[in-house]
>>> print(open('run_2.cif').read())   # mmCIF, C-alpha atoms and all ligand atoms
data_upload
#
loop_
_atom_site.group_PDB
_atom_site.id
_atom_site.type_symbol
_atom_site.label_atom_id
_atom_site.label_comp_id
_atom_site.auth_asym_id
_atom_site.auth_seq_id
_atom_site.Cartn_x
_atom_site.Cartn_y
_atom_site.Cartn_z
ATOM 1 C CA MET A 1 -51.129 -48.005 11.515
ATOM 2 C CA ASN A 2 -50.717 -51.276 13.425
ATOM 3 C CA ILE A 3 -49.378 -51.212 16.975
ATOM 4 C CA LEU A 4 -45.896 -52.378 15.973
ATOM 5 C CA ASP A 5 -45.536 -49.525 13.471
ATOM 6 C CA LYS A 6 -46.664 -47.096 16.164
ATOM 7 C CA ILE A 7 -44.153 -48.430 18.677
ATOM 8 C CA VAL A 8 -41.332 -48.158 16.128
ATOM 9 C CA ALA A 9 -42.311 -44.614 15.085
ATOM 10 C CA ASP A 10 -42.249 -43.536 18.748
ATOM 11 C CA LYS A 11 -38.979 -45.370 19.280
ATOM 12 C CA ARG A 12 -37.276 -43.462 16.456
ATOM 13 C CA LYS A 13 -38.225 -40.159 18.082
ATOM 14 C CA GLU A 14 -37.084 -41.401 21.493
ATOM 15 C CA VAL A 15 -33.698 -42.561 20.195
ATOM 16 C CA ASP A 16 -33.087 -39.285 18.343
ATOM 17 C CA LEU A 17 -33.838 -37.357 21.507
ATOM 18 C CA LYS A 18 -31.567 -39.510 23.650
ATOM 19 C CA LYS A 19 -28.724 -39.292 21.165
ATOM 20 C CA ALA A 20 -28.894 -35.519 21.479
ATOM 21 C CA LEU A 21 -28.898 -35.685 25.283
ATOM 22 C CA ILE A 22 -26.388 -38.444 26.025
ATOM 23 C CA PRO A 23 -23.450 -38.763 23.637
ATOM 24 C CA VAL A 24 -21.971 -42.169 22.807
ATOM 25 C CA SER A 25 -18.737 -41.183 24.574
ATOM 26 C CA GLN A 26 -20.691 -40.946 27.830
ATOM 27 C CA LEU A 27 -22.139 -44.454 27.387
ATOM 28 C CA GLU A 28 -18.664 -45.809 26.695
ATOM 29 C CA GLN A 29 -17.418 -44.354 29.966
ATOM 30 C CA ALA A 30 -20.026 -46.182 32.060
ATOM 31 C CA VAL A 31 -18.543 -48.488 34.693
ATOM 32 C CA LEU A 32 -20.520 -51.437 33.341
ATOM 33 C CA TYR A 33 -19.504 -50.852 29.717
ATOM 34 C CA ASN A 34 -16.425 -53.051 29.966
ATOM 35 C CA ARG A 35 -17.622 -55.717 32.390
ATOM 36 C CA ASP A 36 -17.252 -59.344 31.321
ATOM 37 C CA THR A 37 -20.562 -60.449 29.858
ATOM 38 C CA VAL A 38 -22.096 -63.890 30.418
ATOM 39 C CA SER A 39 -23.591 -65.879 27.560
ATOM 40 C CA LEU A 40 -27.280 -66.746 27.601
ATOM 41 C CA ALA A 41 -26.818 -69.165 24.689
ATOM 42 C CA THR A 42 -24.245 -71.131 26.714
ATOM 43 C CA SER A 43 -26.459 -71.061 29.779
ATOM 44 C CA LEU A 44 -29.383 -72.450 27.735
ATOM 45 C CA ARG A 45 -27.265 -75.182 26.118
ATOM 46 C CA ASN A 46 -26.189 -76.424 29.553
ATOM 47 C CA SER A 47 -29.570 -76.215 31.256
ATOM 48 C CA SER A 48 -32.232 -78.803 31.884
ATOM 49 C CA SER A 49 -34.977 -76.199 32.286
ATOM 50 C CA GLY A 50 -34.165 -73.498 29.710
ATOM 51 C CA ILE A 51 -36.347 -70.896 31.382
ATOM 52 C CA ILE A 52 -35.786 -67.213 30.573
ATOM 53 C CA ALA A 53 -38.002 -65.243 32.937
ATOM 54 C CA GLU A 54 -39.189 -61.758 32.081
ATOM 55 C CA HIS A 55 -39.840 -58.555 34.014
ATOM 56 C CA LYS A 56 -42.848 -56.896 32.353
ATOM 57 C CA ARG A 57 -45.190 -54.473 34.145
ATOM 58 C CA ARG A 58 -47.685 -53.994 31.361
ATOM 59 C CA SER A 59 -48.078 -54.582 27.643
ATOM 60 C CA PRO A 60 -50.226 -53.293 24.797
ATOM 61 C CA SER A 61 -51.970 -56.670 24.593
ATOM 62 C CA LYS A 62 -52.787 -57.115 28.287
ATOM 63 C CA SER A 63 -52.563 -53.570 29.704
ATOM 64 C CA VAL A 64 -51.571 -53.900 33.380
ATOM 65 C CA ILE A 65 -49.864 -57.148 34.412
ATOM 66 C CA ASN A 66 -48.225 -56.080 37.673
ATOM 67 C CA GLN A 67 -47.187 -52.571 38.685
ATOM 68 C CA SER A 68 -46.514 -53.197 42.355
ATOM 69 C CA LEU A 69 -43.302 -55.236 42.310
ATOM 70 C CA ASN A 70 -39.735 -54.167 42.936
ATOM 71 C CA VAL A 71 -37.505 -55.134 39.997
ATOM 72 C CA GLN A 72 -34.631 -56.103 42.312
ATOM 73 C CA ASP A 73 -36.864 -58.465 44.291
ATOM 74 C CA VAL A 74 -38.010 -59.999 41.015
ATOM 75 C CA ALA A 75 -34.422 -60.363 39.739
ATOM 76 C CA LYS A 76 -33.233 -61.969 42.985
ATOM 77 C CA GLY A 77 -36.228 -64.288 42.998
ATOM 78 C CA TYR A 78 -35.626 -65.398 39.436
ATOM 79 C CA GLU A 79 -31.929 -65.976 40.089
ATOM 80 C CA GLU A 80 -32.648 -68.028 43.206
ATOM 81 C CA ALA A 81 -35.181 -70.061 41.232
ATOM 82 C CA GLY A 82 -32.365 -71.067 38.875
ATOM 83 C CA VAL A 83 -33.583 -69.479 35.663
ATOM 84 C CA CYS A 84 -31.080 -69.396 32.749
ATOM 85 C CA GLY A 85 -31.542 -65.716 32.194
ATOM 86 C CA MET A 86 -33.784 -62.736 32.814
ATOM 87 C CA SER A 87 -35.424 -60.551 30.207
ATOM 88 C CA VAL A 88 -35.959 -56.934 31.252
ATOM 89 C CA LEU A 89 -38.398 -54.822 29.244
ATOM 90 C CA THR A 90 -36.873 -51.361 28.899
ATOM 91 C CA ASP A 91 -39.555 -49.685 26.755
ATOM 92 C CA GLY A 92 -41.366 -47.105 28.856
ATOM 93 C CA LYS A 93 -44.344 -45.967 26.854
ATOM 94 C CA TYR A 94 -45.905 -49.344 26.025
ATOM 95 C CA PHE A 95 -44.406 -51.701 28.618
ATOM 96 C CA GLY A 96 -43.726 -49.500 31.644
ATOM 97 C CA GLY A 97 -40.055 -50.428 31.755
ATOM 98 C CA SER A 98 -36.795 -48.452 31.719
ATOM 99 C CA LEU A 99 -33.041 -48.721 31.407
ATOM 100 C CA ASP A 100 -32.962 -48.128 35.168
ATOM 101 C CA ASP A 101 -34.777 -51.458 35.584
ATOM 102 C CA LEU A 102 -31.897 -53.116 33.757
ATOM 103 C CA LEU A 103 -29.323 -51.325 35.881
ATOM 104 C CA LEU A 104 -31.140 -52.238 39.103
ATOM 105 C CA ALA A 105 -31.463 -55.894 38.096
ATOM 106 C CA ARG A 106 -27.762 -55.977 37.185
ATOM 107 C CA ALA A 107 -26.843 -54.673 40.612
ATOM 108 C CA VAL A 108 -28.334 -57.723 42.342
ATOM 109 C CA ALA A 109 -28.069 -60.582 39.821
ATOM 110 C CA LYS A 110 -25.263 -62.425 38.040
ATOM 111 C CA ILE A 111 -27.418 -64.356 35.551
ATOM 112 C CA PRO A 112 -27.459 -63.315 31.867
ATOM 113 C CA LEU A 113 -29.698 -60.264 31.361
ATOM 114 C CA LEU A 114 -31.502 -59.573 28.106
ATOM 115 C CA ARG A 115 -32.378 -56.015 27.140
ATOM 116 C CA LYS A 116 -35.925 -56.482 25.813
ATOM 117 C CA GLU A 117 -36.379 -53.520 23.525
ATOM 118 C CA PHE A 118 -37.389 -52.472 20.028
ATOM 119 C CA ILE A 119 -33.856 -51.995 18.726
ATOM 120 C CA ILE A 120 -33.585 -49.987 15.519
ATOM 121 C CA ASP A 121 -30.297 -48.168 16.069
ATOM 122 C CA GLU A 122 -26.771 -49.097 17.126
ATOM 123 C CA TYR A 123 -27.026 -46.478 19.877
ATOM 124 C CA GLN A 124 -29.480 -48.707 21.771
ATOM 125 C CA ILE A 125 -26.922 -51.518 21.766
ATOM 126 C CA LEU A 126 -24.339 -49.245 23.366
ATOM 127 C CA GLU A 127 -26.988 -48.275 25.917
ATOM 128 C CA ALA A 128 -27.653 -51.957 26.610
ATOM 129 C CA ARG A 129 -23.938 -52.524 27.216
ATOM 130 C CA ALA A 130 -23.647 -49.476 29.476
ATOM 131 C CA HIS A 131 -26.589 -50.642 31.598
ATOM 132 C CA GLY A 132 -25.327 -54.152 32.240
ATOM 133 C CA ALA A 133 -27.013 -56.267 29.567
ATOM 134 C CA ASP A 134 -25.488 -59.519 28.293
ATOM 135 C CA VAL A 135 -27.887 -60.097 25.435
ATOM 136 C CA ILE A 136 -29.928 -57.999 23.031
ATOM 137 C CA LEU A 137 -33.117 -58.836 21.197
ATOM 138 C CA LEU A 138 -33.489 -58.032 17.510
ATOM 139 C CA ILE A 139 -36.967 -58.256 15.983
ATOM 140 C CA ALA A 140 -37.004 -59.343 12.329
ATOM 141 C CA ALA A 141 -40.458 -57.821 11.754
ATOM 142 C CA ILE A 142 -39.071 -54.299 12.158
ATOM 143 C CA LEU A 143 -35.619 -54.667 10.544
ATOM 144 C CA SER A 144 -34.239 -55.257 7.050
ATOM 145 C CA LYS A 145 -31.697 -57.992 6.415
ATOM 146 C CA ASN A 146 -28.900 -55.403 6.232
ATOM 147 C CA GLU A 147 -30.002 -53.846 9.514
ATOM 148 C CA ILE A 148 -30.066 -57.244 11.219
ATOM 149 C CA LYS A 149 -26.544 -57.876 9.955
ATOM 150 C CA ALA A 150 -25.146 -54.499 11.014
ATOM 151 C CA LEU A 151 -26.828 -54.484 14.441
ATOM 152 C CA SER A 152 -25.946 -58.080 15.283
ATOM 153 C CA GLU A 153 -22.323 -57.552 14.263
ATOM 154 C CA THR A 154 -22.136 -54.481 16.491
ATOM 155 C CA ALA A 155 -23.557 -56.491 19.398
ATOM 156 C CA LYS A 156 -21.079 -59.330 18.856
ATOM 157 C CA SER A 157 -18.162 -56.873 18.713
ATOM 158 C CA LEU A 158 -19.264 -55.604 22.147
ATOM 159 C CA GLY A 159 -19.370 -59.101 23.645
ATOM 160 C CA LEU A 160 -23.160 -59.368 23.667
ATOM 161 C CA ASP A 161 -25.216 -62.390 22.639
ATOM 162 C CA VAL A 162 -27.915 -61.850 20.040
ATOM 163 C CA LEU A 163 -31.411 -63.298 20.163
ATOM 164 C CA LEU A 164 -33.174 -62.754 16.853
ATOM 165 C CA GLU A 165 -36.954 -62.972 16.941
ATOM 166 C CA VAL A 166 -39.106 -64.151 14.058
ATOM 167 C CA HIS A 167 -42.782 -64.848 13.628
ATOM 168 C CA ASN A 168 -43.000 -66.427 10.163
ATOM 169 C CA GLU A 169 -41.023 -68.189 7.446
ATOM 170 C CA GLU A 170 -40.247 -65.060 5.477
ATOM 171 C CA GLU A 171 -38.733 -63.337 8.512
ATOM 172 C CA LEU A 172 -36.732 -66.458 9.296
ATOM 173 C CA HIS A 173 -35.275 -66.725 5.796
ATOM 174 C CA LYS A 174 -33.996 -63.165 5.706
ATOM 175 C CA SER A 175 -32.511 -63.523 9.183
ATOM 176 C CA ILE A 176 -30.308 -66.605 9.158
ATOM 177 C CA MET A 177 -26.715 -65.353 9.477
ATOM 178 C CA PRO A 178 -23.637 -66.257 11.530
ATOM 179 C CA SER A 179 -23.716 -63.182 13.787
ATOM 180 C CA LEU A 180 -26.741 -64.536 15.703
ATOM 181 C CA ASP A 181 -26.589 -66.888 18.691
ATOM 182 C CA MET A 182 -30.225 -67.718 19.306
ATOM 183 C CA LEU A 183 -33.313 -67.776 17.125
ATOM 184 C CA GLY A 184 -36.520 -66.996 18.952
ATOM 185 C CA VAL A 185 -39.927 -67.771 17.580
ATOM 186 C CA ASN A 186 -42.535 -65.405 18.971
ATOM 187 C CA ASN A 187 -45.798 -67.261 19.403
ATOM 188 C CA ARG A 188 -47.491 -63.869 19.641
ATOM 189 C CA ASN A 189 -48.046 -61.946 16.445
ATOM 190 C CA LEU A 190 -46.901 -58.436 17.414
ATOM 191 C CA LYS A 191 -49.304 -56.887 14.917
ATOM 192 C CA THR A 192 -52.480 -58.710 15.959
ATOM 193 C CA PHE A 193 -51.534 -60.142 19.431
ATOM 194 C CA GLU A 194 -52.825 -63.555 18.431
ATOM 195 C CA VAL A 195 -50.948 -66.311 20.287
ATOM 196 C CA SER A 196 -50.360 -69.877 19.088
ATOM 197 C CA LEU A 197 -47.628 -72.311 20.100
ATOM 198 C CA GLU A 198 -48.099 -73.897 16.678
ATOM 199 C CA THR A 199 -45.934 -71.059 15.312
ATOM 200 C CA SER A 200 -42.921 -72.455 17.212
ATOM 201 C CA LYS A 201 -43.657 -75.985 16.089
ATOM 202 C CA THR A 202 -44.044 -75.100 12.404
ATOM 203 C CA LEU A 203 -40.889 -72.985 12.193
ATOM 204 C CA SER A 204 -38.657 -75.291 14.281
ATOM 205 C CA LYS A 205 -37.579 -77.508 11.394
ATOM 206 C CA LEU A 206 -36.433 -74.489 9.369
ATOM 207 C CA ILE A 207 -33.977 -73.292 12.038
ATOM 208 C CA PRO A 208 -30.424 -74.595 11.494
ATOM 209 C CA ASP A 209 -28.943 -76.605 14.376
ATOM 210 C CA GLU A 210 -26.117 -74.183 15.152
ATOM 211 C CA PHE A 211 -28.599 -71.725 16.678
ATOM 212 C CA VAL A 212 -30.166 -72.229 20.081
ATOM 213 C CA LYS A 213 -33.922 -72.341 19.531
ATOM 214 C CA VAL A 214 -36.047 -70.243 21.868
ATOM 215 C CA SER A 215 -39.840 -70.276 22.039
ATOM 216 C CA GLU A 216 -41.332 -66.970 23.204
ATOM 217 C CA SER A 217 -44.697 -65.867 24.607
ATOM 218 C CA GLY A 218 -47.905 -67.516 25.685
ATOM 219 C CA ILE A 219 -46.156 -70.339 27.558
ATOM 220 C CA SER A 220 -47.885 -71.215 30.821
ATOM 221 C CA SER A 221 -47.687 -74.961 31.357
ATOM 222 C CA ILE A 222 -45.077 -77.657 31.933
ATOM 223 C CA ASP A 223 -46.743 -79.756 29.247
ATOM 224 C CA ALA A 224 -46.298 -76.997 26.677
ATOM 225 C CA ILE A 225 -42.563 -76.920 27.389
ATOM 226 C CA LYS A 226 -42.204 -80.690 27.265
ATOM 227 C CA ASP A 227 -43.987 -80.597 23.918
ATOM 228 C CA LEU A 228 -41.768 -77.784 22.558
ATOM 229 C CA LYS A 229 -38.624 -79.659 23.668
ATOM 230 C CA GLN A 230 -39.625 -82.414 21.248
ATOM 231 C CA TYR A 231 -39.270 -79.829 18.484
ATOM 232 C CA GLY A 232 -35.707 -78.957 19.515
ATOM 233 C CA TYR A 233 -36.363 -75.901 21.682
ATOM 234 C CA GLN A 234 -33.847 -75.262 24.470
ATOM 235 C CA GLY A 235 -35.092 -71.876 25.641
ATOM 236 C CA PHE A 236 -38.527 -70.754 26.837
ATOM 237 C CA LEU A 237 -39.280 -67.095 27.411
ATOM 238 C CA ILE A 238 -41.987 -66.609 30.003
ATOM 239 C CA GLY A 239 -43.341 -63.238 31.133
ATOM 240 C CA GLU A 240 -46.932 -62.873 32.119
ATOM 241 C CA ASN A 241 -47.339 -66.295 33.688
ATOM 242 C CA PHE A 242 -44.770 -65.326 36.353
ATOM 243 C CA MET A 243 -45.362 -61.577 36.490
ATOM 244 C CA LYS A 244 -49.080 -61.794 37.149
ATOM 245 C CA THR A 245 -48.361 -63.426 40.517
ATOM 246 C CA GLU A 246 -47.424 -61.645 43.742
ATOM 247 C CA ASN A 247 -44.062 -63.386 43.847
ATOM 248 C CA PRO A 248 -42.697 -64.166 40.358
ATOM 249 C CA GLY A 249 -39.497 -65.714 41.741
ATOM 250 C CA LYS A 250 -41.413 -68.176 43.906
ATOM 251 C CA HIS A 251 -43.649 -69.056 40.992
ATOM 252 C CA ALA A 252 -40.625 -69.591 38.710
ATOM 253 C CA ASP A 253 -39.033 -71.769 41.385
ATOM 254 C CA GLU A 254 -42.079 -74.021 41.630
ATOM 255 C CA PHE A 255 -42.396 -74.117 37.859
ATOM 256 C CA ILE A 256 -38.756 -75.143 37.330
ATOM 257 C CA LYS A 257 -38.905 -77.784 40.072
ATOM 258 C CA ALA A 258 -41.988 -79.312 38.447
ATOM 259 C CA LEU A 259 -40.379 -79.141 35.006
ATOM 260 C CA ILE A 260 -37.163 -80.966 35.880
ATOM 261 C CA SER A 261 -38.641 -83.487 38.311
HETATM 262 O O1 LIG A 301 -45.758 -62.647 28.682
HETATM 263 P P1 LIG A 301 -45.519 -63.786 27.750
HETATM 264 O O2 LIG A 301 -46.710 -64.132 26.920
HETATM 265 O O3 LIG A 301 -44.976 -64.990 28.490
HETATM 266 O O4 LIG A 301 -44.399 -63.308 26.712
HETATM 267 C C1 LIG A 301 -43.075 -62.991 27.106
HETATM 268 C C2 LIG A 301 -42.276 -62.434 25.911
HETATM 269 O O5 LIG A 301 -42.145 -63.456 24.962
HETATM 270 C C3 LIG A 301 -42.959 -61.208 25.290
HETATM 271 O O6 LIG A 301 -43.013 -60.220 26.272
HETATM 272 C C4 LIG A 301 -42.253 -60.681 24.040
HETATM 273 C C5 LIG A 301 -41.694 -61.431 23.071
HETATM 274 N N1 LIG A 301 -41.144 -60.670 22.098
HETATM 275 C C6 LIG A 301 -41.353 -59.376 22.420
HETATM 276 C C7 LIG A 301 -40.949 -58.212 21.771
HETATM 277 C C8 LIG A 301 -41.253 -57.012 22.355
HETATM 278 C C9 LIG A 301 -41.956 -56.932 23.573
HETATM 279 C C10 LIG A 301 -42.350 -58.100 24.236
HETATM 280 C C11 LIG A 301 -42.043 -59.327 23.673
#
>>> encode(input="run_2.cif", output="structure tokens", more="lines below")
Ligand SMILES: O=P(O)(O)OC[C@@H](O)[C@@H](O)c1c[nH]c2ccccc12
Amino acid sequence: MNILDKIVADKRKEVDLKKALIPVSQLEQAVLYNRDTVSLATSLRNSSSGIIAEHKRRSPSKSVINQSLNVQDVAKGYEEAGVCGMSVLTDGKYFGGSLDDLLLARAVAKIPLLRKEFIIDEYQILEARAHGADVILLIAAILSKNEIKALSETAKSLGLDVLLEVHNEEELHKSIMPSLDMLGVNNRNLKTFEVSLETSKTLSKLIPDEFVKVSESGISSIDAIKDLKQYGYQGFLIGENFMKTENPGKHADEFIKALIS
């Protein structure tokens, strides 16, 4: 079994357990459930930097990245740096994150927040809403076309933006549909962890113009972003490069200043 299959198998068990513990009606009663969401797609369209900065403690590919930071300090730092949005990993077992991280970030930041999760069930979208997310990620590699359609339509009906992630042409073809806002190309193959920015470049011309193009993973230099902008990308998802430092917000601030200067 590859790592992605393992993550998804664990996720199914986790979601079944949570559904039994916390009914949907309880999620719908959360204070945050009806807050006005903010659009990441709009923020990216109007930005000169396009940076989406991630909170990620560890990952299956890198093991520990940074376990000693406070998520609220990171969120405040990213917001002050002027990022377009923040991605918060909520998977516990493989990434060391939680829905509490999302809630804590929401309490201190107004920028669009993405729930970074392996979403396979509508229930997780309601959870995202109840914990203050503005955007959800859907991963084409783990979903059928019908699932992408159903899940993205649920998200849209709840006022959330949808970022759909692909890694190859086949995934892209099955995914193009009007209920998505942003198409993300993951430069990291989630099955092998191989990273190449060429993936973003090759797939860029196949993404219709109505979607905001986002390049994800393995981005660590200003030059890489300038290069990707030439291919029509308006969003750049950066995790490790910021999180491996003692002060991700400060690092993001310096990075953005250098990028737009
Ligand atoms: O830390 P990086 O290489 O900058 O990558 C960030 C982000 O793209 C990556 O964490 C990611 C992209 N898609 C995912 C799906 C699930 C978990 C994680 C991810």
>>> closest_residue(input="run_2.cif", among="A:Ser179, A:Thr199, A:Asn186, A:Ser221", to="ligand LIG 301 (chain A)", atoms="only C-alpha atoms and all ligand atoms")
A:Asn186
>>> resolve_selection(input="run_2.cif", expression="the PyMOL selection byres (((not hetatm)) within 6 of (chain A and resi 301))", output="ChimeraX atom specification")
/A:186,216-219,237-241
>>> residues_around(input="run_2.cif", residues="Ile119 of chain A", least_positions_apart="4", cutoff="12 Å", atoms="all atoms listed in the file", output="number ranges by chain")
A: 7-12, 14-15, 89-91, 115, 123-128, 136-143, 147-148, 150-152, 155, 162-165
>>> closest_residue(input="run_2.cif", among="A:Leu158, A:Cys84, A:Ile3, A:Ala30", to="Glu122 of chain A", atoms="all atoms listed in the file")
A:Leu158
>>> residues_around(input="run_2.cif", residues="Ala75 of chain A", least_positions_apart="4", cutoff="9 Å", atoms="only C-alpha atoms", output="MDAnalysis selection string")
chainID A and resid 55 70:71 79:80 86 104:106 108:109 249
>>> write_last_selection(input="run_2.cif", atoms="C-alpha atoms", output="compact mmCIF listing (two decimals), in the coordinates of the input")
# COMPACT_ATOMS: atom_id res chain seq x y z
CA HIS A 55 -39.84 -58.56 34.01
CA ASN A 70 -39.74 -54.17 42.94
CA VAL A 71 -37.51 -55.13 40.00
CA GLU A 79 -31.93 -65.98 40.09
CA GLU A 80 -32.65 -68.03 43.21
CA MET A 86 -33.78 -62.74 32.81
CA LEU A 104 -31.14 -52.24 39.10
CA ALA A 105 -31.46 -55.89 38.10
CA ARG A 106 -27.76 -55.98 37.18
CA VAL A 108 -28.33 -57.72 42.34
CA ALA A 109 -28.07 -60.58 39.82
CA GLY A 249 -39.50 -65.71 41.74
>>> atom_distance(input="run_2.cif", atom1="atom CA of Phe236 of chain A", atom2="atom CA of Leu103 of chain A")
23.3 Å
>>> resolve_selection(input="run_2.cif", expression="the PyMOL selection byres (((chain A and resi 62) around 12) and not hetatm)", output="list in words")
Lys56, Arg57, Arg58, Ser59, Pro60, Ser61, Ser63, Val64, Ile65, Asn66, Tyr94, Phe95, Phe193, Glu194, Gly218, Gly239, Glu240, Asn241, Met243 and Lys244 of chain A
>>> axis_aligned_box(input="run_2.cif", around="segment 205-213 of chain A", padding_each_side="6 Å", output="JSON")
{"center_x": -31.8, "center_y": -74.6, "center_z": 14.7, "size_x": 23.5, "size_y": 17.8, "size_z": 22.7}
>>> resolve_selection(input="run_2.cif", expression="the PyMOL selection byres (((chain A and resi 159) around 10) and not hetatm)", output="tab-separated table (two decimals) with C-alpha atoms, in the frame of the given file")
chain	number	residue	atom	x	y	z
A	34	ASN	CA	-16.42	-53.05	29.97
A	35	ARG	CA	-17.62	-55.72	32.39
A	36	ASP	CA	-17.25	-59.34	31.32
A	37	THR	CA	-20.56	-60.45	29.86
A	38	VAL	CA	-22.10	-63.89	30.42
A	39	SER	CA	-23.59	-65.88	27.56
A	129	ARG	CA	-23.94	-52.52	27.22
A	134	ASP	CA	-25.49	-59.52	28.29
A	135	VAL	CA	-27.89	-60.10	25.44
A	153	GLU	CA	-22.32	-57.55	14.26
A	154	THR	CA	-22.14	-54.48	16.49
A	155	ALA	CA	-23.56	-56.49	19.40
A	156	LYS	CA	-21.08	-59.33	18.86
A	157	SER	CA	-18.16	-56.87	18.71
A	158	LEU	CA	-19.26	-55.60	22.15
A	160	LEU	CA	-23.16	-59.37	23.67
A	161	ASP	CA	-25.22	-62.39	22.64
A	162	VAL	CA	-27.92	-61.85	20.04
>>> closest_residue(input="run_2.cif", among="A:Ser48, A:Asn247, A:Ser175, A:Ser68", to="Ile225 of chain A", atoms="only C-alpha atoms")
A:Ser48
>>> residues_around(input="run_2.cif", residues="His173 of chain A", least_positions_apart="4", cutoff="9 Å", atoms="only C-alpha atoms", output="PyMOL selection string")
chain A and resi 168-169+206
>>> atom_distance(input="run_2.cif", atom1="atom CA of Ser43 of chain A", atom2="atom CA of Lys149 of chain A")
23.8 Å
>>> atom_distance(input="run_2.cif", atom1="atom CA of Phe255 of chain A", atom2="atom CA of Gln67 of chain A")
22.1 Å
>>> residues_around(input="run_2.cif", residues="Gly50 of chain A", least_positions_apart="2", cutoff="10 Å", atoms="all atoms listed in the file", output="PyMOL selection string")
chain A and resi 40-41+43-48+52-53+82-85+214+225+229+233-237+256+259
>>> residues_around(input="run_2.cif", residues="Asn2 of chain A", least_positions_apart="6", cutoff="10 Å", atoms="only C-alpha atoms", output="VMD selection string")
chain A and resid 190 to 192
>>> closest_residue(input="run_2.cif", among="A:Gly184, A:Pro248, A:Pro178, A:Pro23", to="Ala81 of chain A", atoms="all atoms listed in the file")
A:Pro248
>>> closest_residue(input="run_2.cif", among="A:Val166, A:Leu180, A:Ile222, A:Leu21", to="Ser204 of chain A", atoms="all atoms listed in the file")
A:Val166
>>> decode(input="run_2.cif", residues="segment 121-132 of chain A", atoms="C-alpha atoms", output="CSV table (one decimal), in the first residue's frame")
chain,number,residue,atom,x,y,z
A,121,ASP,CA,-16.7,12.9,3.2
A,122,GLU,CA,-19.1,15.8,3.4
A,123,TYR,CA,-18.9,15.7,7.2
A,124,GLN,CA,-15.3,17.1,7.0
A,125,ILE,CA,-16.6,20.1,5.1
A,126,LEU,CA,-19.1,20.9,7.8
A,127,GLU,CA,-16.3,20.5,10.3
A,128,ALA,CA,-14.2,22.9,8.3
A,129,ARG,CA,-17.0,25.4,8.4
A,130,ALA,CA,-17.6,25.0,12.1
A,131,HIS,CA,-13.9,25.6,12.8
A,132,GLY,CA,-13.5,28.8,10.9
